[in-house]
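Data block for start37.txt (compact mmCIF, C-alpha atoms):
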# COMPACT_ATOMS: atom_id res chain seq x y z
CA MET A 352 -96.79 128.37 72.66
CA ALA A 353 -97.41 124.98 74.26
CA LEU A 354 -93.73 124.82 75.17
CA LEU A 355 -94.03 128.24 76.81
CA ASP A 356 -97.01 126.99 78.88
CA ILE A 357 -95.04 124.01 80.10
CA ARG A 358 -92.13 126.27 81.06
CA GLN A 359 -94.45 128.65 82.89
CA ARG A 360 -96.05 125.75 84.75
CA ALA A 361 -92.61 124.44 85.70
CA GLY A 362 -91.61 127.91 86.87
CA TYR A 363 -94.67 128.24 89.13
CA LEU A 364 -94.18 124.74 90.46
CA PHE A 365 -90.52 125.53 91.18
CA LEU A 366 -91.47 128.68 93.08
CA ALA A 367 -94.15 126.83 95.08
CA VAL A 368 -91.81 123.98 96.00
CA THR A 369 -89.01 126.41 96.92
CA LEU A 370 -91.41 128.36 99.15
CA GLY A 371 -92.50 125.11 100.79
CA HIS A 372 -88.90 124.22 101.52
CA ILE A 373 -88.17 127.66 102.97
CA LEU A 374 -91.22 127.37 105.27
CA LEU A 375 -90.13 123.89 106.32
CA ILE A 376 -86.57 125.05 107.09
CA SER A 377 -87.84 128.14 108.95
CA ALA A 378 -90.10 126.06 111.17
CA GLN A 379 -87.19 123.88 112.25
CA VAL A 380 -84.67 126.65 112.71
CA ASN A 381 -87.08 128.52 114.97
CA SER A 382 -87.91 125.50 117.12
CA ARG A 383 -84.93 123.21 117.58
CA GLY A 384 -86.09 121.62 120.83
CA GLY A 385 -86.26 117.92 119.99
CA VAL A 386 -86.14 115.55 117.05
CA PRO A 387 -88.73 116.45 114.39
CA LEU A 388 -91.49 113.89 113.96
CA LEU A 389 -90.83 113.52 110.21
CA GLU A 390 -87.20 112.63 110.93
CA ALA A 391 -88.06 110.10 113.64
CA VAL A 392 -90.75 108.31 111.61
CA THR A 393 -88.73 108.23 108.37
CA PHE A 394 -85.64 107.06 110.21
CA GLY A 395 -87.59 104.29 111.98
CA VAL A 396 -89.06 103.00 108.70
CA LEU A 397 -85.85 103.32 106.69
CA ALA A 398 -83.84 101.66 109.46
CA GLU A 399 -85.85 98.49 108.81
CA VAL A 400 -85.07 98.70 105.06
CA GLN A 401 -81.40 99.28 105.89
CA ARG A 402 -81.47 96.30 108.28
CA GLY A 403 -82.76 94.11 105.42
CA ALA A 404 -80.24 95.47 102.92
CA SER A 405 -77.42 95.01 105.42
CA ALA A 406 -78.53 91.43 106.18
CA ALA A 407 -78.57 90.60 102.45
CA LEU A 408 -75.12 92.12 101.96
CA SER A 409 -73.78 90.34 105.05
CA SER A 410 -74.99 86.97 103.79
CA VAL A 411 -73.26 87.56 100.44
CA ARG A 412 -70.08 88.58 102.26
CA SER A 413 -70.26 85.57 104.59
CA VAL A 414 -70.56 83.24 101.56
CA TRP A 415 -67.53 84.96 100.07
CA SER A 416 -65.45 84.90 103.25
CA GLY A 417 -66.66 81.42 104.31
CA TYR A 418 -66.07 79.60 101.04
CA ILE A 419 -64.33 81.59 98.35
CA GLY A 420 -61.97 83.57 100.56
CA LEU A 421 -60.53 80.53 102.42
CA ARG A 422 -57.56 80.07 100.12
CA GLN A 423 -54.90 81.63 102.32
CA VAL A 424 -56.35 80.43 105.61
CA HIS A 425 -53.38 78.24 106.57
CA SER A 426 -50.77 80.99 106.43
CA GLU A 427 -53.21 83.38 108.10
CA ASN A 428 -53.78 80.82 110.87
CA ALA A 429 -50.04 80.53 111.51
CA ARG A 430 -49.79 84.32 111.65
CA LEU A 431 -52.71 84.51 114.07
CA VAL A 432 -51.16 81.88 116.35
CA ARG A 433 -47.99 83.97 116.49
CA GLU A 434 -50.01 87.10 117.23
CA LEU A 435 -51.93 85.24 119.96
CA GLU A 436 -48.69 84.20 121.63
CA GLU A 437 -47.46 87.78 121.54
CA ALA A 438 -50.80 88.99 122.88
CA GLN A 439 -50.64 86.50 125.76
CA VAL A 440 -47.26 87.88 126.76
CA ALA A 441 -48.58 91.43 126.48
CA LEU A 442 -51.63 90.42 128.54
CA GLN A 443 -49.42 89.21 131.35
CA GLN A 444 -47.54 92.51 131.29
CA GLN A 445 -50.82 94.42 131.32
CA ARG A 446 -52.11 92.28 134.19
CA ALA A 447 -49.04 93.12 136.22
CA LEU A 448 -49.50 96.79 135.36
CA ALA A 449 -53.19 96.62 136.34
CA ASP A 450 -52.29 95.09 139.70
CA ARG A 451 -49.90 97.95 140.32
CA THR A 452 -52.54 100.49 139.26
CA ARG A 453 -55.16 98.90 141.52
CA SER A 454 -52.86 99.08 144.50
CA LEU A 455 -52.11 102.71 143.65
CA GLU A 456 -55.84 103.40 143.36
CA ARG A 457 -56.40 101.83 146.75
CA LEU A 458 -53.64 104.02 148.08
CA LEU A 459 -55.24 107.13 146.67
CA GLU A 460 -58.78 105.92 147.59
CA LEU A 461 -59.96 106.41 144.03
CA ARG A 462 -63.27 105.01 142.90
CA ASP A 463 -63.15 102.19 140.37
CA ARG A 464 -64.74 103.73 137.31
CA SER A 465 -63.52 101.24 134.75
CA LYS A 466 -66.51 98.88 134.89
CA LEU A 467 -68.67 100.12 132.06
CA THR A 468 -71.86 98.36 131.01
CA THR A 469 -71.92 98.08 127.25
CA THR A 470 -74.06 96.46 124.60
CA ALA A 471 -72.67 95.20 121.30
CA ALA A 472 -74.30 96.49 118.11
CA GLU A 473 -73.84 95.84 114.43
CA ILE A 474 -73.55 98.61 111.84
CA ILE A 475 -76.43 98.22 109.42
CA ALA A 476 -76.05 101.34 107.28
CA ALA A 477 -73.91 104.35 106.54
CA GLY A 478 -75.08 107.96 106.36
CA ALA A 479 -77.64 108.85 103.70
CA SER A 480 -75.72 111.96 102.69
CA PRO A 481 -71.94 112.30 102.26
CA ASP A 482 -72.16 115.69 104.01
CA PHE A 483 -72.91 114.07 107.39
CA ARG A 484 -70.69 111.36 108.88
CA THR A 485 -73.22 109.06 110.53
CA LEU A 486 -73.84 105.32 110.86
CA THR A 487 -76.91 103.30 111.80
CA ILE A 488 -76.68 100.47 114.36
CA ASP A 489 -79.12 97.63 114.96
CA LYS A 490 -79.80 98.48 118.63
CA GLY A 491 -82.28 101.13 119.74
CA SER A 492 -84.23 102.41 122.72
CA GLY A 493 -85.74 98.92 123.11
CA ASP A 494 -82.24 97.70 124.04
CA GLY A 495 -81.59 100.56 126.46
CA VAL A 496 -79.78 102.76 123.95
CA ASN A 497 -80.51 106.47 124.47
CA ALA A 498 -79.37 109.74 122.93
CA ASP A 499 -75.90 110.99 123.90
CA MET A 500 -74.58 107.56 124.84
CA ALA A 501 -70.96 106.99 123.86
CA VAL A 502 -70.14 104.47 121.14
CA ILE A 503 -66.73 102.79 121.20
CA ALA A 504 -64.84 100.08 119.30
CA PRO A 505 -61.82 97.97 120.31
CA ALA A 506 -59.53 100.49 118.61
CA GLY A 507 -61.06 103.56 120.26
CA VAL A 508 -63.90 106.07 120.34
CA VAL A 509 -66.40 105.94 117.48
CA GLY A 510 -68.98 108.61 118.31
CA ARG A 511 -72.25 109.16 120.14
CA VAL A 512 -75.89 108.17 119.70
CA VAL A 513 -77.89 111.05 118.26
CA MET A 514 -81.21 109.50 117.30
CA PRO A 515 -82.46 106.24 118.78
CA SER A 516 -85.59 104.57 117.43
CA VAL A 517 -87.04 101.40 118.96
CA ARG A 518 -84.89 98.89 117.02
CA ALA A 519 -82.10 101.05 115.58
CA ALA A 520 -80.09 104.14 116.36
CA LYS A 521 -78.16 106.74 114.43
CA ILE A 522 -74.58 107.43 115.54
CA GLN A 523 -72.79 110.69 114.87
CA LEU A 524 -69.17 109.77 114.17
CA LEU A 525 -66.40 111.73 115.89
CA ILE A 526 -65.21 112.86 112.43
CA ASP A 527 -68.53 114.61 111.66
CA ARG A 528 -68.26 118.40 111.36
CA ASN A 529 -70.62 118.87 114.31
CA ALA A 530 -68.94 116.32 116.62
CA ALA A 531 -66.57 117.13 119.48
CA ALA A 532 -65.20 115.47 122.62
CA GLY A 533 -63.15 116.51 125.63
CA ALA A 534 -59.62 115.18 125.15
CA LEU A 535 -56.17 115.11 126.67
CA VAL A 536 -52.71 114.17 125.51
CA GLU A 537 -51.84 111.01 127.43
CA ARG A 538 -48.11 111.75 127.84
CA SER A 539 -48.24 115.39 128.99
CA ARG A 540 -51.90 115.52 130.20
CA ALA A 541 -52.46 118.67 128.09
CA GLN A 542 -56.20 119.20 127.75
CA GLY A 543 -58.22 120.31 124.74
CA VAL A 544 -61.27 119.56 122.63
CA VAL A 545 -61.17 117.15 119.71
CA ALA A 546 -63.49 118.23 116.90
CA GLY A 547 -64.48 116.54 113.66
CA SER A 548 -63.86 118.22 110.33
CA GLY A 549 -65.95 116.02 108.07
CA ASP A 550 -62.65 114.68 106.74
CA GLU A 551 -60.44 111.76 107.82
CA LEU A 552 -58.53 113.82 110.40
CA LEU A 553 -59.69 115.37 113.66
CA SER A 554 -58.47 118.68 115.06
CA LEU A 555 -57.36 119.07 118.66
CA GLN A 556 -58.39 122.58 119.66
CA TYR A 557 -57.80 124.92 122.59
CA VAL A 558 -54.40 123.45 123.45
CA PRO A 559 -52.19 126.35 124.65
CA GLU A 560 -49.04 127.24 122.69
CA VAL A 561 -46.93 126.46 125.78
CA ALA A 562 -48.35 122.91 126.18
CA ASP A 563 -46.02 119.94 125.67
CA VAL A 564 -47.42 118.20 122.58
CA MET A 565 -45.48 116.10 120.07
CA VAL A 566 -46.25 114.26 116.84
CA GLY A 567 -47.11 110.64 117.69
CA ASP A 568 -48.59 111.43 121.12
CA LEU A 569 -51.68 109.44 122.03
CA VAL A 570 -54.89 111.46 122.52
CA VAL A 571 -57.51 110.03 124.87
CA THR A 572 -60.90 111.17 126.15
CA SER A 573 -60.83 113.43 129.20
CA GLY A 574 -64.37 112.58 130.29
CA ILE A 575 -65.32 116.20 130.99
CA ASP A 576 -67.96 116.36 128.24
CA GLY A 577 -70.31 114.03 130.12
CA ILE A 578 -70.65 111.70 127.12
CA TYR A 579 -67.39 109.82 126.61
CA PRO A 580 -65.84 107.86 129.52
CA LYS A 581 -62.35 108.95 130.53
CA GLY A 582 -59.20 107.36 129.12
CA TYR A 583 -60.49 105.89 125.85
CA VAL A 584 -58.26 106.23 122.80
CA ILE A 585 -59.21 108.87 120.22
CA GLY A 586 -56.12 108.77 118.03
CA ARG A 587 -52.52 109.88 117.54
CA ILE A 588 -51.24 113.36 116.81
CA GLU A 589 -50.22 113.63 113.18
CA SER A 590 -49.10 117.24 112.99
CA VAL A 591 -48.54 120.19 115.32
CA GLU A 592 -48.37 123.72 113.96
CA LYS A 593 -48.03 127.10 115.59
CA SER A 594 -51.08 129.23 114.82
CA GLY A 595 -49.56 132.51 115.90
CA GLY A 596 -52.36 132.95 118.45
CA SER A 597 -52.83 131.46 121.90
CA PHE A 598 -53.49 127.91 120.74
CA LYS A 599 -51.71 125.30 118.63
CA ASN A 600 -53.12 123.84 115.40
CA ILE A 601 -53.07 120.08 116.00
CA ALA A 602 -54.27 117.36 113.62
CA VAL A 603 -55.18 113.96 115.06
CA ARG A 604 -55.53 110.75 113.06
CA PRO A 605 -58.40 108.71 114.59
CA ALA A 606 -57.51 105.29 115.98
CA VAL A 607 -60.69 103.85 114.51
CA ASP A 608 -60.89 103.16 110.78
CA PHE A 609 -64.42 104.43 110.18
CA THR A 610 -64.65 102.86 106.72
CA SER A 611 -64.13 99.28 107.86
CA ILE A 612 -65.96 99.31 111.19
CA GLU A 613 -68.64 96.63 111.47
CA GLU A 614 -69.42 96.21 115.17
CA VAL A 615 -69.39 98.70 118.02
CA LEU A 616 -70.11 98.86 121.75
CA VAL A 617 -72.64 101.33 123.12
CA VAL A 618 -71.71 102.49 126.62
CA LEU A 619 -74.87 102.25 128.72
CA THR A 620 -73.26 103.45 131.97
CA PRO A 621 -73.51 107.23 132.44
CA THR A 622 -70.13 108.91 132.89
CA PRO A 623 -69.34 110.54 136.27
CA ALA A 624 -69.52 114.00 134.62
CA HIS A 625 -72.95 113.14 133.17
CA GLU A 626 -74.15 111.91 136.57
CA ALA A 627 -72.93 115.12 138.17
CA THR A 628 -74.80 117.22 135.57
CA GLU A 629 -78.01 115.19 136.08
CA GLY A 630 -77.65 115.58 139.84
CA SER A 631 -77.23 119.35 139.62
CA VAL A 632 -80.31 119.61 137.36
CA GLU A 633 -82.40 117.66 139.86
CA MET B 353 -95.36 103.90 85.50
CA ARG B 354 -92.72 106.60 85.01
CA ALA B 355 -93.24 107.92 88.56
CA ALA B 356 -92.89 104.39 89.95
CA ALA B 357 -89.63 103.93 88.04
CA ILE B 358 -88.29 107.22 89.44
CA LEU B 359 -89.31 106.27 93.00
CA LEU B 360 -87.61 102.92 92.54
CA ALA B 361 -84.44 104.58 91.20
CA VAL B 362 -84.29 106.98 94.17
CA ALA B 363 -84.89 104.15 96.65
CA ALA B 364 -82.21 102.01 94.98
CA ALA B 365 -79.74 104.92 95.00
CA LEU B 366 -80.44 105.55 98.68
CA ALA B 367 -80.10 101.87 99.56
CA LEU B 368 -76.79 101.68 97.65
CA GLN B 369 -75.62 104.93 99.23
CA THR B 370 -76.32 103.70 102.77
CA THR B 371 -74.90 100.20 102.31
CA LEU B 372 -71.96 100.58 99.95
CA ALA B 373 -70.78 103.98 101.27
CA ARG B 374 -69.44 102.17 104.35
CA TYR B 375 -66.84 100.46 102.22
CA VAL B 376 -65.74 103.52 100.20
CA ARG B 377 -62.75 105.46 101.47
CA GLY B 378 -62.24 109.23 101.41
CA THR B 379 -64.51 112.22 101.35
CA ALA B 380 -64.99 112.39 97.58
CA ALA B 381 -67.80 109.84 97.87
CA VAL B 382 -70.42 109.71 95.14
CA ASP B 383 -73.85 111.18 95.94
CA LEU B 384 -75.90 108.59 94.07
CA VAL B 385 -79.18 110.31 94.92
CA LEU B 386 -77.96 113.51 93.27
CA VAL B 387 -76.90 111.48 90.22
CA VAL B 388 -80.47 110.10 89.94
CA VAL B 389 -81.97 113.61 90.26
CA VAL B 390 -79.76 115.04 87.48
CA TYR B 391 -80.32 111.95 85.31
CA VAL B 392 -84.11 112.29 85.61
CA ALA B 393 -83.90 116.04 84.95
CA LEU B 394 -81.84 115.57 81.78
CA ALA B 395 -83.96 112.68 80.54
CA LEU B 396 -87.44 113.95 81.42
CA GLY B 397 -87.25 117.73 81.85
CA PRO B 398 -87.45 120.39 84.57
CA VAL B 399 -90.78 119.37 86.17
CA SER B 400 -89.69 115.77 86.70
CA GLY B 401 -86.27 117.02 87.78
CA LEU B 402 -87.59 119.37 90.43
CA LEU B 403 -90.15 116.89 91.77
CA THR B 404 -87.53 114.13 91.94
CA GLY B 405 -85.12 116.57 93.59
CA THR B 406 -87.72 117.54 96.19
CA PHE B 407 -88.64 113.94 97.02
CA ALA B 408 -85.08 112.60 97.07
CA GLY B 409 -83.67 115.59 98.96
CA LEU B 410 -86.32 115.49 101.68
CA LEU B 411 -85.86 111.75 102.07
CA GLN B 412 -82.09 112.18 102.38
CA ASP B 413 -82.56 115.06 104.86
CA ALA B 414 -84.89 112.97 107.00
CA LEU B 415 -82.21 110.29 107.22
CA SER B 416 -79.45 112.75 108.09
CA THR B 417 -78.78 114.75 111.23
CA GLY B 418 -79.22 118.12 109.53
CA VAL B 419 -82.19 120.42 109.00
CA VAL B 420 -84.96 118.79 106.92
CA GLY B 421 -85.46 120.87 103.78
CA ILE B 422 -81.97 122.19 103.10
CA GLY B 423 -80.89 119.17 101.08
CA GLY B 424 -84.41 119.09 99.58
CA LEU B 425 -84.14 122.69 98.42
CA ALA B 426 -80.62 122.15 97.06
CA LYS B 427 -81.72 119.11 95.05
CA THR B 428 -84.91 120.88 93.88
CA VAL B 429 -82.85 123.77 92.48
CA VAL B 430 -80.38 121.36 90.88
CA GLY B 431 -83.15 119.18 89.41
CA PHE B 432 -85.00 122.18 87.97
CA LEU B 433 -81.95 123.89 86.47
CA SER B 434 -80.54 120.63 85.07
CA GLY B 435 -83.92 120.03 83.43
CA ILE B 436 -83.85 123.54 81.90
CA VAL B 437 -80.33 122.89 80.58
CA GLY B 438 -81.53 119.56 79.16
CA THR B 439 -84.36 121.25 77.25
CA GLN B 440 -82.39 124.30 76.07
CA PHE B 441 -79.17 122.59 74.94
CA ILE B 442 -78.31 119.36 73.20
CA VAL B 443 -76.94 117.20 75.98
CA ALA B 444 -76.69 113.86 74.22
CA GLN B 445 -72.91 113.28 74.19
CA PRO B 446 -70.76 112.10 77.10
CA LEU B 447 -68.76 115.36 77.42
CA PRO B 448 -71.75 117.74 77.76
CA ARG B 449 -73.38 115.29 80.14
CA PHE B 450 -70.18 115.11 82.19
CA LEU B 451 -70.15 118.91 82.42
CA VAL B 452 -73.81 119.06 83.50
CA PHE B 453 -73.30 116.44 86.24
CA PHE B 454 -70.10 118.22 87.36
CA ALA B 455 -71.73 121.66 87.46
CA ALA B 456 -74.87 120.27 89.14
CA THR B 457 -72.78 118.81 91.98
CA ILE B 458 -70.98 122.11 92.51
CA LEU B 459 -74.28 124.01 92.45
CA HIS B 460 -75.70 121.53 94.97
CA ALA B 461 -72.72 122.04 97.29
CA VAL B 462 -72.98 125.84 96.99
CA VAL B 463 -76.73 125.90 97.80
CA PHE B 464 -76.44 123.24 100.55
CA MET B 465 -73.43 124.69 102.36
CA GLY B 466 -74.51 128.27 101.61
CA LEU B 467 -77.84 127.75 103.37
CA TYR B 468 -76.16 126.21 106.41
CA VAL B 469 -73.71 129.12 106.65
CA LEU B 470 -76.47 131.69 105.96
CA LEU B 471 -78.61 130.29 108.76
CA ASP B 472 -75.54 130.12 111.04
CA LEU B 473 -76.10 126.42 111.66
CA ARG B 474 -72.70 125.08 110.61
CA GLN B 475 -69.31 126.39 109.59
CA PHE B 476 -67.42 124.84 106.69
CA GLU B 477 -63.72 124.92 105.96
CA PRO B 478 -63.19 125.73 102.25
CA PRO B 479 -64.10 122.29 100.80
CA TYR B 480 -62.77 122.83 97.24
CA THR B 481 -60.96 119.48 96.91
CA ALA B 482 -63.79 117.43 98.42
CA VAL B 483 -66.47 119.10 96.26
CA ALA B 484 -64.37 118.82 93.10
CA GLY B 485 -63.72 115.14 93.86
CA GLN B 486 -67.39 114.45 94.44
CA ALA B 487 -68.34 116.39 91.29
CA ALA B 488 -65.93 114.30 89.20
CA SER B 489 -67.16 111.03 90.76
CA ASN B 490 -70.82 111.98 90.24
CA ALA B 491 -70.11 112.99 86.63
CA VAL B 492 -68.39 109.70 85.84
CA VAL B 493 -71.20 107.64 87.42
CA GLY B 494 -73.85 109.76 85.65
CA VAL B 495 -72.26 109.47 82.21
CA VAL B 496 -71.71 105.72 82.60
CA THR B 497 -75.34 105.28 83.72
CA PHE B 498 -76.56 107.17 80.63
CA GLN B 499 -74.37 105.08 78.33
CA LEU B 500 -75.55 101.83 79.93
CA VAL B 501 -79.25 102.73 79.83
CA GLU B 502 -79.02 103.84 76.21
CA ARG B 503 -76.87 101.00 74.90
CA LEU B 504 -78.15 98.03 76.88
CA PRO B 505 -81.51 97.52 75.02
CA GLY B 506 -79.73 97.77 71.63
CA ALA B 507 -77.05 95.31 72.66
CA ILE B 508 -79.64 92.79 73.86
CA GLU B 509 -81.60 93.22 70.62
CA ARG B 510 -78.46 92.64 68.49
CA ARG B 511 -77.58 89.57 70.54
CA ARG B 512 -81.05 88.10 70.04
CA ALA B 513 -80.93 88.84 66.29
CA SER B 514 -77.53 87.16 65.90
CA LYS B 515 -78.75 84.07 67.79
CA GLY B 516 -81.82 83.91 65.50
CA ARG B 517 -79.62 84.00 62.37
CA LEU B 518 -77.44 81.19 63.73
CA ARG B 519 -80.49 78.95 64.34
CA ARG B 520 -81.69 79.46 60.76
Produce structure tokens that represent the structure in this file.
Amino acid sequence: MALLDIRQRAGYLFLAVTLGHILLISAQVNSRGGVPLLEAVTFGVLAEVQRGASAALSSVRSVWSGYIGLRQVHSENARLVRELEEAQVALQQQRALADRTRSLERLLELRDRSKLTTTAAEIIAAGASPDFRTLTIDKGSGDGVNADMAVIAPAGVVGRVVMPSVRAAKIQLLIDRNAAAGALVERSRAQGVVAGSGDELLSLQYVPEVADVMVGDLVVTSGIDGIYPKGYVIGRIESVEKSGGSFKNIAVRPAVDFTSIEEVLVVLTPTPAHEATEGSVE
Amino acid sequence: MRAAAILLAVAAALALQTTLARYVRGTAAVDLVLVVVVYVALALGPVSGLLTGTFAGLLQDALSTGVVGIGGLAKTVVGFLSGIVGTQFIVAQPLPRFLVFFAATILHAVVFMGLYVLLDLRQFEPPYTAVAGQAASNAVVGVVTFQLVERLPGAIERRRASKGRLRR
């Protein structure tokens, strides 16, 4: 009998909690204007915990890499010197190419849009749930980081800021199911939209069947979304399939390795498309 | 005391999830918070399971970009039903425990993704491989955690006893 009472109590409690959840979900689904207060406060507090945990982990890793992991440093140094020499040669080639581009830009009277103001940020935590591909960085609105700012890494585009608090910000990675960016194939200039799938690969959508797209082509940002600056690397095309409809099925492998990323750059300069949107709103 | 231990376990799982997940490859990542919810449900019953599920799920939702409450509801359902299974069946061996953790992860995915699709908030490609991978990972971590928690005090006790005999 006592066991039955406990079960009944658990059943009522379950129903009450379920009802509470349904009410909570309904309230948000009906009013999706801004960031809910609960989310903002919890994120702000937990970001500090994550900052501490990340600092502790970093110190352990620095001890490892600074003392224990120095065994093969000589051979690595020789390899790095070789790579530096190669990079210096490549730099000279790039410089020559840039000079040519600048003169072409002057010829075409194009505006110089390459000077982006960025701020470096360290990744302090990964997403709390495996269902969402997010990261937390140690820069927030106090450092000038706002929502919808692009986040890039040396290898390419990382994602965008979705929730800044004062001292931290949450980034939605480009591979998240809800993420997308305007993109174009660098070689043929075929335009499309790169969308995350929650998996390791991205899909390049809305590229017409007749477009010239090949495996290995580089995909870069087109800048039309108003978030990501134009010309930044997204990844390389891994497969191209005919869908039978009007568009191709294209899989893109991101240039950025999202599992090993440690530092990123937040682009503080608004993109020309974003500026144009703001201007039209005003 | 018990509530504090559960809070601590959830916080530790969340801290591990947000720090170590960065270094784990692939989509079949372990949901450590879900492992804690199922563990508590099996060890302490449906009430503890559903309350832990509610708390942990809401906390995880608040730290994600999704709707607050969907993960909470999914973990509440999983915590409650795992607790019921724990009280109705003998789940004291690794294999039954593995099955409960595996089924709980699949149930969690069904409720979580089902709610998102039902509310027309997100579309999911059929995620069979990813969910199966996560279910297997969660089950392995859950079973190992149970074995460790159950065997560790005994092992320490035996070690102490053997040291005492040597001194005499």
Just the number, please: distance in Å from atom CA of Gln486 of chain B to atom CA of Ser611 of chain A, one decimal. 20.5 Å
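Each of B:Gly418, B:Gly516, B:Pro446, B:Gly485 was compared to chain A using all atoms listed in the file, and B:Gly418 turns out to be the nearest.
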Any idea what the distance is between atom CA of Phe453 of chain B and atom CA of Gly362 of chain A? 21.6 Å
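Picture a line from atom CA of Val512 of chain A to atom CA of Ser410 of chain A; it runs 26.5 Å.
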Residues proximal to (-82.4, 113.7, 75.5) were defined as those with any atom within 10 Å of that point in the file's coordinates, counting all atoms listed in the file. Which are they, as a ChimeraX atom specification? /B:393-397,438-439,441-445
Mind listing as a VMD selection string which residues of chain B are within 6 Å of chain A, counting only C-alpha atoms? chain B and resid 370 to 371 374 to 375 399 412 414 to 415 421 425
Place a sphere of radius 8 Å on (-79.9, 126.9, 109.2) in the file coordinates and name every protein, DNA or RNA residue with an atom inside or on its surface, counting only C-alpha atoms; give the answer as a list in words.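 The residues near that point, listed by chain and number, are Ile376 and Val380 of chain A; Val419, Ile422, Leu467, Tyr468, Val469, Leu470, Leu471, Asp472, Leu473 and Arg474 of chain B.
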Skip Thr468 of chain A itself and residues of its chain fewer than 5 positions away, then list as a PyMOL selection string all residues within 7 Å of it, counting all atoms listed in the file. chain A and resi 618-620
Got a sec: who's within 6 Å of Ile488 of chain A, counting all atoms listed in the file, leaving out chain neighbours fewer than 2 positions off, as a list in words? Ala472, Glu473, Ile474, Ile475, Lys490, Ala519 and Ala520 of chain A
Leu384 of chain B proximity check over B:Val430, B:Ala363, B:Val483, B:Leu402, using only C-alpha atoms: winner is B:Ala363
From B:His460, B:Arg510, B:Lys515, B:Arg449, residue lying nearest Phe498 of chain B [all atoms listed in the file]: B:Arg449
Quick one: everything within 10 Å of Thr404 of chain B, counting all atoms listed in the file, minus sequence neighbours fewer than 2 positions away in the same chain. Send it as a list in words. Ala355, Ile358, Leu359, Val362, Val385, Leu386, Val388, Val389, Val390, Val392, Ala393, Pro398, Val399, Ser400, Gly401, Leu402, Thr406, Phe407, Ala408, Gly409, Leu410, Gly424, Lys427, Thr428, Gly431 and Phe432 of chain B
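Distance check against Gly574 of chain A using only C-alpha atoms: of A:Gly533, A:Gly491, A:Pro559, A:Gly595, the minimum falls on A:Gly533.
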